[in-house]
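Asker: Enclosed is the structure file query.cif (mmCIF, C-alpha atoms (C1' of nucleotides)).
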data_target
loop_
_atom_site.group_PDB
_atom_site.id
_atom_site.type_symbol
_atom_site.label_atom_id
_atom_site.label_comp_id
_atom_site.auth_asym_id
_atom_site.auth_seq_id
_atom_site.Cartn_x
_atom_site.Cartn_y
_atom_site.Cartn_z
ATOM 1 C CA MET A 1 -94.061 14.396 73.133
ATOM 2 C CA ALA A 2 -91.366 12.129 71.880
ATOM 3 C CA GLY A 3 -88.821 13.052 74.474
ATOM 4 C CA THR A 4 -86.746 10.019 75.131
ATOM 5 C CA ALA A 5 -87.372 6.639 73.672
ATOM 6 C CA THR A 6 -87.432 4.164 76.484
ATOM 7 C CA ALA A 7 -86.875 0.464 76.413
ATOM 8 C CA GLN A 8 -90.605 0.067 76.831
ATOM 9 C CA GLN A 9 -91.304 1.966 73.646
ATOM 10 C CA ILE A 10 -88.989 -0.346 71.823
ATOM 11 C CA GLU A 11 -90.181 -3.483 73.488
ATOM 12 C CA ALA A 12 -93.931 -3.050 73.710
ATOM 13 C CA GLY A 13 -95.570 -2.943 70.334
ATOM 14 C CA ALA A 14 -99.314 -2.692 69.989
ATOM 15 C CA THR A 15 -99.217 -5.959 68.138
ATOM 16 C CA GLY A 16 -96.754 -7.658 70.423
ATOM 17 C CA TYR A 17 -94.167 -8.522 67.835
ATOM 18 C CA ASP A 18 -91.045 -10.249 68.925
ATOM 19 C CA ALA A 19 -88.107 -8.134 67.903
ATOM 20 C CA PHE A 20 -85.995 -11.265 67.655
ATOM 21 C CA ALA A 21 -88.330 -13.185 65.383
ATOM 22 C CA LEU A 22 -86.901 -13.567 61.927
ATOM 23 C CA ASN A 23 -89.984 -12.249 60.171
ATOM 24 C CA CYS A 24 -91.034 -9.454 62.487
ATOM 25 C CA PRO A 25 -91.753 -6.169 60.694
ATOM 26 C CA SER A 26 -88.829 -4.291 62.211
ATOM 27 C CA ARG A 27 -86.350 -6.933 61.183
ATOM 28 C CA ARG A 28 -87.679 -7.037 57.691
ATOM 29 C CA LEU A 29 -87.577 -3.259 57.352
ATOM 30 C CA ILE A 30 -83.984 -3.190 58.544
ATOM 31 C CA ASP A 31 -83.114 -5.952 56.119
ATOM 32 C CA THR A 32 -84.706 -3.968 53.313
ATOM 33 C CA LEU A 33 -82.992 -0.693 54.168
ATOM 34 C CA GLY A 34 -79.769 -2.557 54.725
ATOM 35 C CA ASP A 35 -79.700 -3.446 51.069
ATOM 36 C CA LYS A 36 -77.011 -1.208 49.711
ATOM 37 C CA TRP A 37 -79.038 0.460 46.952
ATOM 38 C CA VAL A 38 -82.549 0.618 48.350
ATOM 39 C CA SER A 39 -82.198 3.823 50.324
ATOM 40 C CA LEU A 40 -80.278 5.484 47.520
ATOM 41 C CA VAL A 41 -83.014 4.755 45.009
ATOM 42 C CA VAL A 42 -85.750 5.854 47.395
ATOM 43 C CA VAL A 43 -83.950 9.081 48.228
ATOM 44 C CA ALA A 44 -83.169 9.782 44.582
ATOM 45 C CA LEU A 45 -86.801 9.322 43.601
ATOM 46 C CA GLY A 46 -87.861 11.308 46.646
ATOM 47 C CA ILE A 47 -85.684 14.290 45.841
ATOM 48 C CA ARG A 48 -85.854 14.417 42.074
ATOM 49 C CA GLY A 49 -89.338 13.030 41.598
ATOM 50 C CA PRO A 50 -90.089 10.498 38.863
ATOM 51 C CA LEU A 51 -87.021 9.302 37.022
ATOM 52 C CA ARG A 52 -86.293 7.131 34.038
ATOM 53 C CA TYR A 53 -84.156 4.028 34.363
ATOM 54 C CA SER A 54 -81.159 5.683 32.753
ATOM 55 C CA GLU A 55 -81.546 8.776 34.908
ATOM 56 C CA LEU A 56 -81.441 6.634 38.019
ATOM 57 C CA ALA A 57 -78.406 4.797 36.723
ATOM 58 C CA ALA A 58 -76.656 8.092 36.039
ATOM 59 C CA GLN A 59 -77.560 9.526 39.401
ATOM 60 C CA ILE A 60 -76.616 6.599 41.582
ATOM 61 C CA GLU A 61 -72.955 6.335 40.889
ATOM 62 C CA GLY A 62 -71.452 2.892 40.947
ATOM 63 C CA VAL A 63 -74.621 0.848 40.649
ATOM 64 C CA SER A 64 -74.602 -1.944 38.085
ATOM 65 C CA GLN A 65 -77.497 -2.633 35.733
ATOM 66 C CA LYS A 66 -78.165 -5.863 37.499
ATOM 67 C CA MET A 67 -78.380 -4.379 40.972
ATOM 68 C CA LEU A 68 -80.404 -1.376 39.866
ATOM 69 C CA THR A 69 -82.961 -3.551 38.122
ATOM 70 C CA GLN A 70 -83.041 -6.001 40.987
ATOM 71 C CA THR A 71 -83.512 -3.204 43.513
ATOM 72 C CA LEU A 72 -86.267 -1.569 41.477
ATOM 73 C CA ARG A 73 -88.096 -4.876 41.072
ATOM 74 C CA GLY A 74 -87.948 -5.406 44.784
ATOM 75 C CA LEU A 75 -89.234 -1.940 45.537
ATOM 76 C CA GLU A 76 -92.013 -2.351 43.008
ATOM 77 C CA ARG A 77 -92.940 -5.679 44.517
ATOM 78 C CA ASP A 78 -93.062 -4.099 47.967
ATOM 79 C CA GLY A 79 -95.370 -1.353 46.719
ATOM 80 C CA LEU A 80 -92.804 1.373 47.314
ATOM 81 C CA VAL A 81 -92.358 2.452 43.704
ATOM 82 C CA THR A 82 -94.455 2.327 40.566
ATOM 83 C CA ARG A 83 -93.081 1.303 37.189
ATOM 84 C CA THR A 84 -94.639 2.980 34.156
ATOM 85 C CA VAL A 85 -93.786 1.742 30.691
ATOM 86 C CA THR A 86 -94.361 4.028 27.717
ATOM 87 C CA PRO A 87 -94.121 1.804 24.641
ATOM 88 C CA THR A 88 -92.616 4.402 22.362
ATOM 89 C CA VAL A 89 -89.538 3.797 20.273
ATOM 90 C CA PRO A 90 -87.183 3.869 21.910
ATOM 91 C CA LEU A 91 -88.747 2.435 25.003
ATOM 92 C CA ARG A 92 -89.334 4.651 28.026
ATOM 93 C CA VAL A 93 -89.774 3.494 31.624
ATOM 94 C CA ASP A 94 -90.476 5.832 34.517
ATOM 95 C CA TYR A 95 -90.147 5.045 38.202
ATOM 96 C CA GLU A 96 -91.931 6.985 40.914
ATOM 97 C CA LEU A 97 -92.408 6.667 44.641
ATOM 98 C CA THR A 98 -95.813 5.573 45.872
ATOM 99 C CA ASP A 99 -97.351 7.182 48.951
ATOM 100 C CA LEU A 100 -95.972 4.255 50.889
ATOM 101 C CA GLY A 101 -92.547 4.864 49.453
ATOM 102 C CA ARG A 102 -92.770 8.539 50.244
ATOM 103 C CA SER A 103 -93.630 7.743 53.846
ATOM 104 C CA LEU A 104 -90.346 5.866 54.031
ATOM 105 C CA LEU A 105 -88.595 9.158 53.404
ATOM 106 C CA VAL A 106 -89.708 10.234 56.853
ATOM 107 C CA VAL A 107 -87.906 7.294 58.394
ATOM 108 C CA LEU A 108 -84.826 7.925 56.290
ATOM 109 C CA GLY A 109 -84.986 11.528 57.441
ATOM 110 C CA HIS A 110 -84.791 10.368 61.055
ATOM 111 C CA LEU A 111 -81.836 8.179 60.208
ATOM 112 C CA LYS A 112 -80.149 11.078 58.470
ATOM 113 C CA GLU A 113 -80.785 13.338 61.443
ATOM 114 C CA TRP A 114 -79.249 10.938 63.937
ATOM 115 C CA ALA A 115 -76.321 10.306 61.639
ATOM 116 C CA GLU A 116 -75.503 13.964 61.219
ATOM 117 C CA LEU A 117 -75.835 14.584 64.939
ATOM 118 C CA HIS A 118 -73.847 11.642 66.206
ATOM 119 C CA MET A 119 -71.580 10.155 63.583
ATOM 120 C CA GLY A 120 -68.936 12.622 64.641
ATOM 121 C CA ALA A 121 -68.976 11.048 68.076
ATOM 122 C CA VAL A 122 -68.734 7.634 66.454
ATOM 123 C CA ASP A 123 -65.681 8.741 64.509
ATOM 124 C CA ALA A 124 -64.104 10.086 67.671
ATOM 125 C CA ALA A 125 -64.807 6.835 69.496
ATOM 126 C CA ARG A 126 -63.243 4.889 66.651
ATOM 127 C CA ALA A 127 -60.141 7.025 66.601
ATOM 128 C CA SER A 128 -59.791 6.625 70.337
ATOM 129 C CA TYR A 129 -60.377 2.875 70.164
ATOM 130 C CA ASP A 130 -57.885 2.423 67.355
ATOM 131 C CA ALA A 131 -55.351 4.543 69.168
ATOM 132 C CA THR A 132 -55.449 2.616 72.448
ATOM 133 C CA ASN A 133 -55.544 -0.717 70.654
ATOM 134 C CA ALA A 134 -52.467 0.024 68.621
ATOM 135 C CA SER A 135 -52.280 -3.013 66.405
ATOM 136 C CA MET B 1 -93.813 20.036 64.526
ATOM 137 C CA ALA B 2 -92.647 17.761 61.829
ATOM 138 C CA GLY B 3 -95.710 17.020 59.781
ATOM 139 C CA THR B 4 -94.517 15.544 56.559
ATOM 140 C CA ALA B 5 -90.927 14.984 55.647
ATOM 141 C CA THR B 6 -90.286 16.671 52.351
ATOM 142 C CA ALA B 7 -87.592 16.049 49.832
ATOM 143 C CA GLN B 8 -85.939 19.219 51.039
ATOM 144 C CA GLN B 9 -85.618 17.844 54.548
ATOM 145 C CA ILE B 10 -83.910 14.828 53.139
ATOM 146 C CA GLU B 11 -81.744 16.692 50.700
ATOM 147 C CA ALA B 12 -80.653 19.767 52.603
ATOM 148 C CA GLY B 13 -78.502 18.885 55.570
ATOM 149 C CA ALA B 14 -77.017 21.588 57.743
ATOM 150 C CA THR B 15 -73.612 20.300 56.803
ATOM 151 C CA GLY B 16 -74.383 19.773 53.156
ATOM 152 C CA TYR B 17 -73.585 16.099 52.994
ATOM 153 C CA ASP B 18 -74.088 14.287 49.744
ATOM 154 C CA ALA B 19 -76.401 11.385 50.334
ATOM 155 C CA PHE B 20 -74.724 9.546 47.487
ATOM 156 C CA ALA B 21 -71.198 9.907 48.802
ATOM 157 C CA LEU B 22 -69.839 6.607 50.034
ATOM 158 C CA ASN B 23 -68.765 7.958 53.397
ATOM 159 C CA CYS B 24 -71.603 10.303 54.228
ATOM 160 C CA PRO B 25 -72.994 9.820 57.743
ATOM 161 C CA SER B 26 -76.381 8.541 56.594
ATOM 162 C CA ARG B 27 -74.853 5.889 54.409
ATOM 163 C CA ARG B 28 -72.547 4.735 57.153
ATOM 164 C CA LEU B 29 -75.381 4.565 59.659
ATOM 165 C CA ILE B 30 -77.471 2.509 57.252
ATOM 166 C CA ASP B 31 -74.525 0.239 56.618
ATOM 167 C CA THR B 32 -74.097 -0.228 60.344
ATOM 168 C CA LEU B 33 -77.750 -0.935 61.033
ATOM 169 C CA GLY B 34 -77.857 -3.129 57.961
ATOM 170 C CA ASP B 35 -75.467 -5.504 59.632
ATOM 171 C CA LYS B 36 -77.651 -8.387 60.578
ATOM 172 C CA TRP B 37 -76.886 -8.507 64.292
ATOM 173 C CA VAL B 38 -76.222 -4.893 65.232
ATOM 174 C CA SER B 39 -79.787 -3.822 65.841
ATOM 175 C CA LEU B 40 -80.588 -7.032 67.682
ATOM 176 C CA VAL B 41 -77.700 -6.518 70.084
ATOM 177 C CA VAL B 42 -78.568 -2.851 70.610
ATOM 178 C CA VAL B 43 -82.220 -3.630 71.253
ATOM 179 C CA ALA B 44 -81.373 -6.519 73.562
ATOM 180 C CA LEU B 45 -79.063 -4.331 75.629
ATOM 181 C CA GLY B 46 -81.607 -1.528 75.498
ATOM 182 C CA ILE B 47 -84.457 -3.645 76.796
ATOM 183 C CA ARG B 48 -82.730 -5.881 79.295
ATOM 184 C CA GLY B 49 -79.968 -3.537 80.388
ATOM 185 C CA PRO B 50 -76.397 -4.759 80.869
ATOM 186 C CA LEU B 51 -75.877 -8.338 79.795
ATOM 187 C CA ARG B 52 -73.101 -10.862 79.914
ATOM 188 C CA TYR B 53 -71.707 -12.391 76.766
ATOM 189 C CA SER B 54 -73.469 -15.697 77.333
ATOM 190 C CA GLU B 55 -76.737 -13.954 78.111
ATOM 191 C CA LEU B 56 -76.584 -12.103 74.812
ATOM 192 C CA ALA B 57 -75.779 -15.314 73.003
ATOM 193 C CA ALA B 58 -78.754 -17.034 74.607
ATOM 194 C CA GLN B 59 -81.072 -14.156 73.846
ATOM 195 C CA ILE B 60 -80.178 -13.598 70.240
ATOM 196 C CA GLU B 61 -81.140 -16.865 68.722
ATOM 197 C CA GLY B 62 -79.094 -18.077 65.827
ATOM 198 C CA VAL B 63 -76.047 -15.891 66.297
ATOM 199 C CA SER B 64 -72.674 -17.590 66.147
ATOM 200 C CA GLN B 65 -69.858 -16.874 68.566
ATOM 201 C CA LYS B 66 -67.868 -15.291 65.825
ATOM 202 C CA MET B 67 -70.557 -12.889 64.697
ATOM 203 C CA LEU B 68 -71.583 -11.943 68.218
ATOM 204 C CA THR B 69 -68.016 -11.130 69.187
ATOM 205 C CA GLN B 70 -67.409 -9.323 65.915
ATOM 206 C CA THR B 71 -70.585 -7.283 66.325
ATOM 207 C CA LEU B 72 -69.787 -6.391 69.921
ATOM 208 C CA ARG B 73 -66.255 -5.339 68.989
ATOM 209 C CA GLY B 74 -67.628 -3.096 66.287
ATOM 210 C CA LEU B 75 -70.186 -1.541 68.598
ATOM 211 C CA GLU B 76 -67.534 -1.005 71.236
ATOM 212 C CA ARG B 77 -65.262 0.598 68.682
ATOM 213 C CA ASP B 78 -68.060 2.900 67.592
ATOM 214 C CA GLY B 79 -68.690 3.983 71.161
ATOM 215 C CA LEU B 80 -72.148 2.434 71.277
ATOM 216 C CA VAL B 81 -71.469 -0.156 73.962
ATOM 217 C CA THR B 82 -69.026 -0.527 76.832
ATOM 218 C CA ARG B 83 -67.223 -3.738 77.624
ATOM 219 C CA THR B 84 -66.475 -4.419 81.271
ATOM 220 C CA VAL B 85 -64.247 -7.308 82.243
ATOM 221 C CA THR B 86 -64.405 -8.683 85.763
ATOM 222 C CA PRO B 87 -61.317 -10.874 86.175
ATOM 223 C CA THR B 88 -62.890 -13.421 88.455
ATOM 224 C CA VAL B 89 -62.696 -17.123 87.863
ATOM 225 C CA PRO B 90 -64.485 -17.947 85.776
ATOM 226 C CA LEU B 91 -64.189 -14.790 83.703
ATOM 227 C CA ARG B 92 -67.098 -12.362 83.532
ATOM 228 C CA VAL B 93 -67.705 -9.787 80.821
ATOM 229 C CA ASP B 94 -70.590 -7.344 80.808
ATOM 230 C CA TYR B 95 -71.805 -5.281 77.900
ATOM 231 C CA GLU B 96 -73.875 -2.120 78.301
ATOM 232 C CA LEU B 97 -75.179 0.592 76.021
ATOM 233 C CA THR B 98 -73.509 3.979 76.223
ATOM 234 C CA ASP B 99 -75.568 7.177 76.050
ATOM 235 C CA LEU B 100 -74.765 7.241 72.362
ATOM 236 C CA GLY B 101 -75.979 3.688 71.987
ATOM 237 C CA ARG B 102 -79.135 4.478 73.900
ATOM 238 C CA SER B 103 -79.848 7.382 71.568
ATOM 239 C CA LEU B 104 -79.809 4.891 68.730
ATOM 240 C CA LEU B 105 -82.806 3.241 70.343
ATOM 241 C CA VAL B 106 -84.806 6.314 69.398
ATOM 242 C CA VAL B 107 -83.992 5.791 65.750
ATOM 243 C CA LEU B 108 -84.751 2.087 65.982
ATOM 244 C CA GLY B 109 -88.055 3.047 67.596
ATOM 245 C CA HIS B 110 -88.938 5.118 64.538
ATOM 246 C CA LEU B 111 -88.047 2.207 62.304
ATOM 247 C CA LYS B 112 -90.182 -0.091 64.394
ATOM 248 C CA GLU B 113 -93.072 2.341 64.275
ATOM 249 C CA TRP B 114 -93.012 2.614 60.495
ATOM 250 C CA ALA B 115 -92.641 -1.127 60.160
ATOM 251 C CA GLU B 116 -95.626 -1.919 62.332
ATOM 252 C CA LEU B 117 -97.730 0.685 60.571
ATOM 253 C CA HIS B 118 -96.862 -0.166 57.010
ATOM 254 C CA MET B 119 -95.368 -3.630 56.643
ATOM 255 C CA GLY B 120 -98.888 -4.956 56.289
ATOM 256 C CA ALA B 121 -99.266 -2.822 53.192
ATOM 257 C CA VAL B 122 -95.942 -4.131 51.941
ATOM 258 C CA ASP B 123 -97.122 -7.708 52.414
ATOM 259 C CA ALA B 124 -100.325 -6.936 50.564
ATOM 260 C CA ALA B 125 -98.375 -5.357 47.719
ATOM 261 C CA ARG B 126 -96.146 -8.402 47.529
ATOM 262 C CA ALA B 127 -99.046 -10.805 47.436
ATOM 263 C CA SER B 128 -100.665 -8.760 44.688
ATOM 264 C CA TYR B 129 -97.420 -8.512 42.740
ATOM 265 C CA ASP B 130 -96.742 -12.226 43.022
ATOM 266 C CA ALA B 131 -100.308 -13.050 42.027
ATOM 267 C CA THR B 132 -100.337 -10.962 38.848
ATOM 268 C CA ASN B 133 -96.851 -12.066 37.892
ATOM 269 C CA ALA B 134 -97.675 -15.718 38.165
ATOM 270 C CA SER B 135 -94.301 -17.215 37.383
ATOM 271 C "C1'" DC C 1 -66.560 -18.434 80.627
ATOM 272 C "C1'" DG C 2 -65.305 -15.549 76.768
ATOM 273 C "C1'" DG C 3 -63.334 -15.404 73.311
ATOM 274 C "C1'" DG C 4 -59.155 -15.909 69.140
ATOM 275 C "C1'" DA C 5 -57.540 -18.496 64.999
ATOM 276 C "C1'" DT C 6 -58.360 -21.276 61.131
ATOM 277 C "C1'" DC C 7 -60.672 -23.640 57.380
ATOM 278 C "C1'" DC C 8 -64.093 -23.745 54.041
ATOM 279 C "C1'" DC C 9 -68.294 -23.101 51.653
ATOM 280 C "C1'" DC C 10 -71.752 -20.516 49.614
ATOM 281 C "C1'" DC C 11 -73.846 -16.886 46.955
ATOM 282 C "C1'" DG C 12 -74.116 -11.881 46.169
ATOM 283 C "C1'" DC C 13 -72.474 -9.061 43.051
ATOM 284 C "C1'" DG C 14 -69.843 -7.247 39.006
ATOM 285 C "C1'" DA C 15 -68.576 -7.844 34.160
ATOM 286 C "C1'" DT C 16 -69.888 -9.272 29.800
ATOM 287 C "C1'" DA C 17 -72.832 -10.482 26.023
ATOM 288 C "C1'" DC C 18 -77.246 -10.630 24.005
ATOM 289 C "C1'" DT C 19 -82.622 -9.213 23.134
ATOM 290 C "C1'" DG C 20 -87.337 -6.708 22.470
ATOM 291 C "C1'" DC D 1 -83.405 2.436 25.800
ATOM 292 C "C1'" DA D 2 -84.264 -0.910 29.232
ATOM 293 C "C1'" DG D 3 -83.584 -4.568 30.436
ATOM 294 C "C1'" DT D 4 -82.457 -10.464 30.674
ATOM 295 C "C1'" DA D 5 -79.010 -14.489 30.823
ATOM 296 C "C1'" DT D 6 -74.737 -16.447 32.009
ATOM 297 C "C1'" DC D 7 -70.233 -17.029 34.089
ATOM 298 C "C1'" DG D 8 -66.797 -16.352 37.710
ATOM 299 C "C1'" DC D 9 -64.713 -14.708 41.932
ATOM 300 C "C1'" DG D 10 -64.258 -12.692 46.703
ATOM 301 C "C1'" DG D 11 -65.421 -12.325 50.960
ATOM 302 C "C1'" DG D 12 -68.899 -12.727 54.654
ATOM 303 C "C1'" DG D 13 -70.225 -15.902 57.820
ATOM 304 C "C1'" DG D 14 -70.794 -20.713 60.063
ATOM 305 C "C1'" DA D 15 -68.360 -24.729 62.120
ATOM 306 C "C1'" DT D 16 -64.666 -26.339 64.583
ATOM 307 C "C1'" DC D 17 -60.683 -26.399 67.552
ATOM 308 C "C1'" DC D 18 -57.946 -24.269 70.989
ATOM 309 C "C1'" DC D 19 -56.404 -20.854 74.623
ATOM 310 C "C1'" DG D 20 -56.246 -17.648 79.211
#
Let me see the structure of the file written as structure tokens.
Answerer:
Amino acid sequence: MAGTATAQQIEAGATGYDAFALNCPSRRLIDTLGDKWVSLVVVALGIRGPLRYSELAAQIEGVSQKMLTQTLRGLERDGLVTRTVTPTVPLRVDYELTDLGRSLLVVLGHLKEWAELHMGAVDAARASYDATNAS
Amino acid sequence: MAGTATAQQIEAGATGYDAFALNCPSRRLIDTLGDKWVSLVVVALGIRGPLRYSELAAQIEGVSQKMLTQTLRGLERDGLVTRTVTPTVPLRVDYELTDLGRSLLVVLGHLKEWAELHMGAVDAARASYDATNAS
DNA sequence: CGGGATCCCCCGCGATACTG
DNA sequence: CAGTATCGCGGGGGATCCCG
């Protein structure tokens, strides 16, 4: 039944949130996903299942220790991933998506779908724009 | 219909994009939406229809001239909004979503839906996390 | 009215070194 | 192996001034 999303669907929430309020849920979600590494970690854990810290680091190319740890702490705090420490020697820490985190994959799937459908058009628009505005 | 999004749906794109590549469509879309003002401008134009520059500025509280202009230029470049100049005195400039821009509202609707369904759980998780990790 | 140009500050992030 | 602590810089973004 989700044919076209109208302005009303965007505007009228059941809870009446103001999309322009700084702490409205939508804003906060966008801020979270906007963080460069969040979606990568979520997708990695979604695709490959539970992963150790070093496996995540190896998989997500270019991420620094600091940012990976920081991102994971944030996700854990938000209830999107679980952190399991196995106190063997050497230490072992596994990260896994929670149900909540897994539900985020649905949203990321929608993003991915739009991107693959329309980013070509965006590229074309850019090329056209850059061409006419020859700087 | 799409019941649950699986890892396969996320992983396997028709075009075989690598979600971890820097310039894959999904990443670029997330980067775009991650920009603080982009979604606000898109939603504002989506809800209220065409708006003048000053109307946008009034509506999106806290945005500076620089960032509003910069955001609008980017959206115009990406083919998401049109910029129409009416050379009267004083000058009048109207911004409006393109069809492509309007299709982005669908995605933002999905984001909003997830946020309103689950951000409560995120808040609860945070409170719990902060309580146990009494710093 | 709708911007462009400039200055400047802040802090996010990477690199490095160290610890349980 | 899985982090924490510290330093340093680069650039994103606000404030301000000016122009068509």
Asker: Counting only C-alpha atoms, which residues of chain B come no farther than 7 Å from chain A, as a PyMOL selection string?
Answerer: chain B and resi 5+7+9-11+20+25-26+29-31+33-34+40+46-47+60+77-79+105-107+109-112+115-116+119+122+125-126+129
Asker: Would you mind reading off the distance between CA of Val85 (chain B) and CA of Tyr53 (chain B), one decimal, in Å?
Answerer: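 Result for CA of Val85 (chain B) versus CA of Tyr53 (chain B): 10.6 Å, one decimal.
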Asker: For this file, the PyMOL selection byres ((chain D) within 9 of (chain A)) selects which residues, as a PyMOL selection string?
Answerer: chain D and resi 1-3
Asker: Since we have the selection now, will you write its residues out, keeping C-alpha atoms (C1' of nucleotides), as a PDB file, in the coordinates of the input?
Answerer:
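Output saved as part.pdb:
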ATOM      1  C1'  DC D   1     -83.405   2.436  25.800  1.00  0.00           C
ATOM      2  C1'  DA D   2     -84.264  -0.910  29.232  1.00  0.00           C
ATOM      3  C1'  DG D   3     -83.584  -4.568  30.436  1.00  0.00           C
TER       4       DG D   3
END
Asker: Report as CSV: every residue of chain C with an atom at most 12 Å from chain A, its closest pair of atoms, and their distance in Å to one decimal, counting all atoms listed in the file, with rows sorted by chain and ascending residue number.
Answerer:
residue,atom,partner,partner_atom,distance
C:DG12,C1',A:Met67,CA,10.1
C:DC13,C1',A:Met67,CA,7.8
C:DG14,C1',A:Ser64,CA,7.2
C:DA15,C1',A:Ser64,CA,9.3
C:DT16,C1',A:Gln65,CA,11.7
C:DG20,C1',A:Leu91,CA,9.6
Asker: So that I have them on file, write out the residues from the current selection with C-alpha atoms (C1' of nucleotides), as a short mmCIF file (atom, residue, chain, number, x, y, z; two decimals), in the coordinates of the input.
Answerer:
data_model
loop_
_atom_site.label_atom_id
_atom_site.label_comp_id
_atom_site.auth_asym_id
_atom_site.auth_seq_id
_atom_site.Cartn_x
_atom_site.Cartn_y
_atom_site.Cartn_z
"C1'" DG C 12 -74.12 -11.88 46.17
"C1'" DC C 13 -72.47 -9.06 43.05
"C1'" DG C 14 -69.84 -7.25 39.01
"C1'" DA C 15 -68.58 -7.84 34.16
"C1'" DT C 16 -69.89 -9.27 29.80
"C1'" DG C 20 -87.34 -6.71 22.47
#
Asker: Just give me the gap between CA of Ala58 (chain A) and CA of Trp37 (chain A) in Å, one decimal is fine.
Answerer: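 Distance between the two atoms: 13.5 Å.
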Asker: Would you compute the distance between C1' of DG14 (chain D) and CA of Gln70 (chain B)? Give it in Å to one decimal.
Answerer: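 CA of Gln70 (chain B) lies 13.2 Å from C1' of DG14 (chain D).
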Asker: Output the residue selection produced by the PyMOL selection byres ((chain C and resi 17) around 9) on the file above, formatted as a VMD selection string.
Answerer: (chain C and resid 16 18) or (chain D and resid 5 to 6)
Asker: Name all residues at most 9 Å from region 5-8 of chain C (count all atoms listed in the file; drop same-chain ones fewer than 6 positions away) and give them as a list in words.
Answerer: DT16, DC17 and DC18 of chain D
Asker: Taking the file as I've supplied it (selection: the PyMOL selection byres ((chain C and resi 10) around 12)), which residues are included? Please answer as a list in words.
Answerer: DC8, DC9, DC11 and DG12 of chain C; DC9, DG10, DG11, DG12, DG13 and DG14 of chain D
Asker: Report, as JSON, the centre and edge lengths in Å (one decimal) of the axis-aligned box enclosing every listed atom of region 7-15 of chain D, padded by 4 Å on each side.
Answerer:
{"center_x": -67.5, "center_y": -18.5, "center_z": 48.1, "size_x": 14.5, "size_y": 20.4, "size_z": 36.0}
Asker: Can you fill out region 56-67 of chain A with N, CA and C atoms and hand it back as a PDB file, keeping the file's coordinate frame?
Answerer:
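Heads up, here's the output in selection05.pdb:
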ATOM      1  N   LEU A  56     -81.811   7.241  36.739  1.00  0.00           N
ATOM      2  CA  LEU A  56     -81.441   6.634  38.019  1.00  0.00           C
ATOM      3  C   LEU A  56     -80.025   6.085  37.960  1.00  0.00           C
ATOM      4  N   ALA A  57     -79.725   5.393  36.876  1.00  0.00           N
ATOM      5  CA  ALA A  57     -78.406   4.797  36.723  1.00  0.00           C
ATOM      6  C   ALA A  57     -77.320   5.873  36.737  1.00  0.00           C
ATOM      7  N   ALA A  58     -77.636   7.008  36.102  1.00  0.00           N
ATOM      8  CA  ALA A  58     -76.656   8.092  36.039  1.00  0.00           C
ATOM      9  C   ALA A  58     -76.482   8.743  37.407  1.00  0.00           C
ATOM     10  N   GLN A  59     -77.570   8.812  38.125  1.00  0.00           N
ATOM     11  CA  GLN A  59     -77.560   9.526  39.401  1.00  0.00           C
ATOM     12  C   GLN A  59     -76.907   8.733  40.529  1.00  0.00           C
ATOM     13  N   ILE A  60     -77.154   7.441  40.526  1.00  0.00           N
ATOM     14  CA  ILE A  60     -76.616   6.599  41.582  1.00  0.00           C
ATOM     15  C   ILE A  60     -75.313   5.997  41.096  1.00  0.00           C
ATOM     16  N   GLU A  61     -74.263   6.697  41.416  1.00  0.00           N
ATOM     17  CA  GLU A  61     -72.955   6.335  40.889  1.00  0.00           C
ATOM     18  C   GLU A  61     -72.496   4.988  41.416  1.00  0.00           C
ATOM     19  N   GLY A  62     -72.033   4.156  40.537  1.00  0.00           N
ATOM     20  CA  GLY A  62     -71.452   2.892  40.947  1.00  0.00           C
ATOM     21  C   GLY A  62     -72.403   1.717  40.932  1.00  0.00           C
ATOM     22  N   VAL A  63     -73.668   1.957  40.671  1.00  0.00           N
ATOM     23  CA  VAL A  63     -74.621   0.848  40.649  1.00  0.00           C
ATOM     24  C   VAL A  63     -74.562   0.144  39.298  1.00  0.00           C
ATOM     25  N   SER A  64     -74.607  -1.174  39.333  1.00  0.00           N
ATOM     26  CA  SER A  64     -74.602  -1.944  38.085  1.00  0.00           C
ATOM     27  C   SER A  64     -76.035  -2.105  37.585  1.00  0.00           C
ATOM     28  N   GLN A  65     -76.170  -2.384  36.298  1.00  0.00           N
ATOM     29  CA  GLN A  65     -77.497  -2.633  35.733  1.00  0.00           C
ATOM     30  C   GLN A  65     -78.235  -3.672  36.547  1.00  0.00           C
ATOM     31  N   LYS A  66     -77.541  -4.746  36.798  1.00  0.00           N
ATOM     32  CA  LYS A  66     -78.165  -5.863  37.499  1.00  0.00           C
ATOM     33  C   LYS A  66     -78.738  -5.445  38.845  1.00  0.00           C
ATOM     34  N   MET A  67     -77.928  -4.761  39.637  1.00  0.00           N
ATOM     35  CA  MET A  67     -78.380  -4.379  40.972  1.00  0.00           C
ATOM     36  C   MET A  67     -79.472  -3.325  40.920  1.00  0.00           C
TER      37      MET A  67
END
